[in-house]
Amino acid sequence: MNTTPLSPTAKLGQGKNEKVRSMKKAQLTGNILLLAILLLGSLIMIIPFLWMVLTSFDWQARLKIPFPPRFWPEEFSLKTYKLAFTNIPMFKYIINSLLVSVGVIVISLSSALLSGYAISKLKFKGAGIVLVLALSTMMIPFEMTMIPQYLLFSELKLLDSYWAFYLPALNFAFGTFLAKSFIDQLPSSLREAGIIDGASEFIVFFKIYLPLCVPILATMVILQFLAVWNDLLWPLLALQTPDKYTIQLGLAMFSYNKDLPLPSVIMAATTVSLLPVIITYLFLQRYIVESIALSGIKQ
Amino acid sequence: MLPKSESPNTPIQVEPKRKFFTSRDWAGYLFSAPLLIGVLGFAIYPMIQALIMSFKKSTGLFGGDWIGLSNYKYVLTDKIFWQSIYNTFYMGILAVVLGVSASFILASLIHNVPWLKWRNFFKGVYFLPNVVSLVATSILFTFLFNPGSEGLLNYALGILGIGPIGWFTDPAYSRFSIVLMTLWGMLGYNTIIFIAALSSVPNDLYEAAEVDGANWFKKWFYITVPYLKPIILFMVIMGTIGAMKRFTDVWLIGGTAGNPAGSLMTGVLYIYRNAFLSSQMGIATAASYILFMFILVLTIILLLANRRSNFD
């Protein structure tokens, strides 16, 4: 993985000629140049955030972005945040988003884990067909099925309720696939031993295999949380009363229907909407990055 | 916790294999039932229902008169639909080509940083925009790409004597601006997958090449690129599929008309407009099937192209 380990403690043979030393030097210069380029790139990735967060405190930017644009507000103020919270029920939206996310995560992970375990360890008749069927539905874009789904929930009188999120969560085929691949690596002898001891299939799954699945569960939680928290299209179709809006929908509606562009107020609201995700990211950063890399390669 | 059950003197025979379905089978079906309900109810059923609706003149799930291929005819002769397809492809191809090559270069750079701490730092920073919602990204970039000279980007370009450019307001630039925004948001995703793939290239290949006197470019071209080809293909396919489904950003920035001048009208926006603004469910589902066919054909072409180049 590490192509050129450059350990500072590596002792060059004292008698070694200058050539080695100058090569090392050239390598170090190259590495520093590399670092500089990447740092410059990082700055480009960060600047939009930085500008947004700083401008969100800029009271003078509440009606119009000041010219020339600046990073540091002339007067720092929390009034923009107060305005954001009075204009947009942010707390409510965040709670709503949490309700949707937690429900979807619990339902989709249960479904994925149960089916993944069944396909991997119970090897029931037709297990292969179930897996192929589920995986092939991953090819169907949501955008294709959204109209019948919308009409279906409208028939069921479940539009404008979070059931419109919880029920489709049963189909988390990618999670089934992840769980199945993970459980494949766990020994089957655990199940056999449990059954011989008289435990039911469910107890074996729940008491023996579930605790071993924590790593893959964590990956699935991350993938689903990011997907559900950030989604806009389905909330836009399924939710109608503003009271039930998720944070993305609430924010989108506010910025979509605005008569006045309220730059720093909208930026304050956007900053607040990002907080849960960014905080999670800061704490679980390496874990999230690894989950995404894993899911990308597995797919 | 328990001894292995393979000991030959186990007297208990757990499953008498008399019935066609053993109790183990039944447990399997029970465990898979939630998934099957989900798959049948929320993927396969709506897919079939959409097909049925695309042949009907209807506003609801059931009923409506069969009108054969009229909906398809309408969509395929609708100028706005073709414009939406053109825009979708324009932005899609540009985003995939720029995105995959940029992230490949970026991943190679990060992979070559010799210090682990810095590597992790860069992975973290470049991936950050990826966890940000498209709603937030679109709002943020509307301000960054403000058409006046008070927009941050226009101001910076103004110092260089360029602009001001109507990023999202000038139809000549709007699609490209969306691509730029997508690049910022998605770059990190491809990059970390590339980095993971780069670290899986066996090192002895490089060492052998070095012995043979290959320079870095030859090593890159003859070892790294062929080794990563499946990943590159995966990214191109996923990127293309993703690009075909573009909705959130163009809806927030250009509205349901895909402004400016329809340059941000995309396939899914077209479907959305027909279904939820004019209640033309038949037309919308027909359009969604046509869009799906585009995605399917593109995926097959890419897979075939890859297969062919593998035979060469």
# chains A, B, ... in the order shown; residues from 1 in each chain; ligands from 1
$ interface_residues --of "chain B" --to "chain A" --cutoff "7 Å" --atoms "only C-alpha atoms" --output "PDB file with C-alpha atoms, in the first residue's frame"
ATOM      1  CA  LEU B   2     -20.387 -24.885  21.725  1.00  0.00           C
ATOM      2  CA  LYS B   4     -18.598 -28.754  16.898  1.00  0.00           C
ATOM      3  CA  SER B   5     -21.566 -30.858  16.001  1.00  0.00           C
ATOM      4  CA  ARG B  24     -35.466 -25.126   7.833  1.00  0.00           C
ATOM      5  CA  ASP B  25     -37.023 -24.132   4.504  1.00  0.00           C
ATOM      6  CA  ALA B  27     -37.784 -20.663   8.558  1.00  0.00           C
ATOM      7  CA  GLY B  28     -35.982 -19.394   5.451  1.00  0.00           C
ATOM      8  CA  PHE B  31     -37.017 -14.743   7.374  1.00  0.00           C
ATOM      9  CA  SER B  32     -37.132 -13.633   3.747  1.00  0.00           C
ATOM     10  CA  PRO B  34     -40.151  -8.909   4.667  1.00  0.00           C
ATOM     11  CA  LEU B  35     -37.689  -8.630   1.794  1.00  0.00           C
ATOM     12  CA  GLY B  38     -40.735  -5.189  -0.265  1.00  0.00           C
ATOM     13  CA  VAL B  39     -39.426  -6.468  -3.573  1.00  0.00           C
ATOM     14  CA  PHE B  42     -42.438  -1.691  -4.071  1.00  0.00           C
ATOM     15  CA  ALA B  43     -40.324  -2.685  -7.043  1.00  0.00           C
ATOM     16  CA  PRO B  46     -44.960  -0.607  -9.514  1.00  0.00           C
ATOM     17  CA  MET B  47     -42.779  -1.524 -12.475  1.00  0.00           C
ATOM     18  CA  GLN B  49     -48.196  -0.991 -13.028  1.00  0.00           C
ATOM     19  CA  ALA B  50     -46.140   1.726 -14.713  1.00  0.00           C
ATOM     20  CA  GLY B  60     -55.032   7.312 -11.242  1.00  0.00           C
ATOM     21  CA  LEU B  61     -53.774   3.846 -10.482  1.00  0.00           C
ATOM     22  CA  LEU B 109      -1.969  11.712  -6.095  1.00  0.00           C
ATOM     23  CA  ASN B 112       1.304   8.399  -3.529  1.00  0.00           C
ATOM     24  CA  VAL B 113       1.438  10.552  -0.408  1.00  0.00           C
ATOM     25  CA  PRO B 114       3.874   8.652   1.783  1.00  0.00           C
ATOM     26  CA  GLY B 124     -11.672  12.996   4.680  1.00  0.00           C
ATOM     27  CA  VAL B 125     -11.577  16.463   3.146  1.00  0.00           C
ATOM     28  CA  TYR B 126     -12.268  15.492  -0.452  1.00  0.00           C
ATOM     29  CA  VAL B 131     -22.262  13.718   2.676  1.00  0.00           C
ATOM     30  CA  VAL B 132     -23.861  17.108   2.046  1.00  0.00           C
ATOM     31  CA  SER B 133     -27.369  16.924   0.608  1.00  0.00           C
ATOM     32  CA  VAL B 135     -30.490  20.559  -1.531  1.00  0.00           C
ATOM     33  CA  ALA B 136     -27.784  22.229   0.532  1.00  0.00           C
ATOM     34  CA  LEU B 140     -24.861  27.030  -1.603  1.00  0.00           C
ATOM     35  CA  GLU B 150     -21.048  39.991  -5.809  1.00  0.00           C
ATOM     36  CA  GLY B 151     -20.993  36.229  -6.353  1.00  0.00           C
ATOM     37  CA  LEU B 152     -17.821  34.793  -4.905  1.00  0.00           C
ATOM     38  CA  TRP B 184     -17.464  19.342  -6.368  1.00  0.00           C
ATOM     39  CA  ILE B 192     -12.008   6.917  -2.319  1.00  0.00           C
ATOM     40  CA  ILE B 193     -13.144   3.940  -4.375  1.00  0.00           C
ATOM     41  CA  ALA B 196      -9.140   1.452  -2.300  1.00  0.00           C
ATOM     42  CA  SER B 199      -3.989  -0.189  -2.855  1.00  0.00           C
ATOM     43  CA  THR B 248     -33.044  17.631  -7.328  1.00  0.00           C
ATOM     44  CA  LEU B 252     -34.147  23.712  -7.206  1.00  0.00           C
ATOM     45  CA  VAL B 268     -36.831  13.060 -14.640  1.00  0.00           C
ATOM     46  CA  SER B 288     -40.170   6.910 -17.619  1.00  0.00           C
ATOM     47  CA  TYR B 289     -40.091   3.697 -19.646  1.00  0.00           C
TER      48      TYR B 289
END
$ residues_around --residues "Asn190 in chain B" --least-positions-apart "6" --cutoff "9 Å" --atoms "only C-alpha atoms" --output "list in words"
Ala293 and Gly296 of chain A; Gly99, Val100, Ser103, Phe104, Ala107 and Met235 of chain B
$ write_last_selection --atoms "C-alpha atoms" --output "PDB file, in the first residue's frame"
ATOM      1  CA  ALA A 293     -15.389   2.374  -0.469  1.00  0.00           C
ATOM      2  CA  GLY A 296     -18.594   0.826  -4.125  1.00  0.00           C
TER       3      GLY A 296
ATOM      4  CA  GLY B  99     -15.531  13.257 -12.862  1.00  0.00           C
ATOM      5  CA  VAL B 100     -13.942   9.874 -13.480  1.00  0.00           C
ATOM      6  CA  SER B 103     -10.982  11.510  -9.434  1.00  0.00           C
ATOM      7  CA  PHE B 104      -8.558   9.018 -10.945  1.00  0.00           C
ATOM      8  CA  ALA B 107      -6.737   9.242  -6.196  1.00  0.00           C
ATOM      9  CA  MET B 235     -17.853   4.146 -12.187  1.00  0.00           C
TER      10      MET B 235
END
$ residues_around --residues "Tyr272 in chain B" --least-positions-apart "3" --cutoff "9 Å" --atoms "only C-alpha atoms" --output "list in words"
Ile147 of chain A; Phe247, Thr256, Gly267, Val268, Leu269, Ala275, Phe276, Leu277 and Ala284 of chain B
$ write_last_selection --atoms "N, CA and C atoms" --output "compact mmCIF listing (two decimals), in the first residue's frame"
# COMPACT_ATOMS: atom_id res chain seq x y z
N ILE A 147 -44.17 6.95 -9.71
CA ILE A 147 -45.55 7.35 -9.99
C ILE A 147 -46.54 6.30 -9.47
N PHE B 247 -32.37 15.24 -10.95
CA PHE B 247 -33.61 15.97 -10.70
C PHE B 247 -33.44 17.09 -9.67
N THR B 256 -39.54 24.04 -12.34
CA THR B 256 -40.11 22.97 -13.14
C THR B 256 -40.00 23.25 -14.63
N GLY B 267 -34.67 14.59 -18.00
CA GLY B 267 -35.64 13.53 -18.20
C GLY B 267 -36.57 13.35 -17.02
N VAL B 268 -36.00 13.28 -15.82
CA VAL B 268 -36.83 13.06 -14.64
C VAL B 268 -37.68 14.29 -14.35
N LEU B 269 -37.15 15.46 -14.62
CA LEU B 269 -37.93 16.69 -14.43
C LEU B 269 -39.14 16.68 -15.37
N ALA B 275 -46.39 14.28 -14.52
CA ALA B 275 -47.16 13.51 -13.55
C ALA B 275 -47.79 14.40 -12.50
N PHE B 276 -47.02 15.32 -11.96
CA PHE B 276 -47.49 16.00 -10.75
C PHE B 276 -47.91 17.45 -10.98
N LEU B 277 -47.64 18.00 -12.13
CA LEU B 277 -48.17 19.34 -12.42
C LEU B 277 -49.37 19.25 -13.34
N ALA B 284 -46.41 10.45 -18.37
CA ALA B 284 -45.25 10.42 -17.49
C ALA B 284 -44.66 9.01 -17.39
$ atom_distance --atom1 "CA of Ala199 in chain A" --atom2 "CA of Ala33 in chain B"
21.1 Å
$ select_by_dssp --residues "range 36-149 of chain B" --states "alpha helix (DSSP H)" --output "MDAnalysis selection string"
chainID B and resid 36:39 45:53 70:76 79:111 116:131 134:144
$ residues_around --residues "Leu212 in chain A" --least-positions-apart "6" --cutoff "12 Å" --atoms "only C-alpha atoms" --output "JSON, numbers by chain"
{"A": [113, 117, 179, 182, 183, 184, 185, 186, 187, 190, 204, 205, 206, 218]}
$ residues_around --residues "range 77-89 of chain B" --least-positions-apart "2" --cutoff "7 Å" --atoms "only C-alpha atoms" --output "number ranges by chain"
B: 73-75, 91-93, 243-244, 263-267, 270
$ atom_distance --atom1 "CA of Ala156 in chain B" --atom2 "CA of Phe76 in chain A"
23.6 Å
$ atom_distance --atom1 "CA of Trp216 in chain B" --atom2 "CA of Ala197 in chain B"
18.1 Å
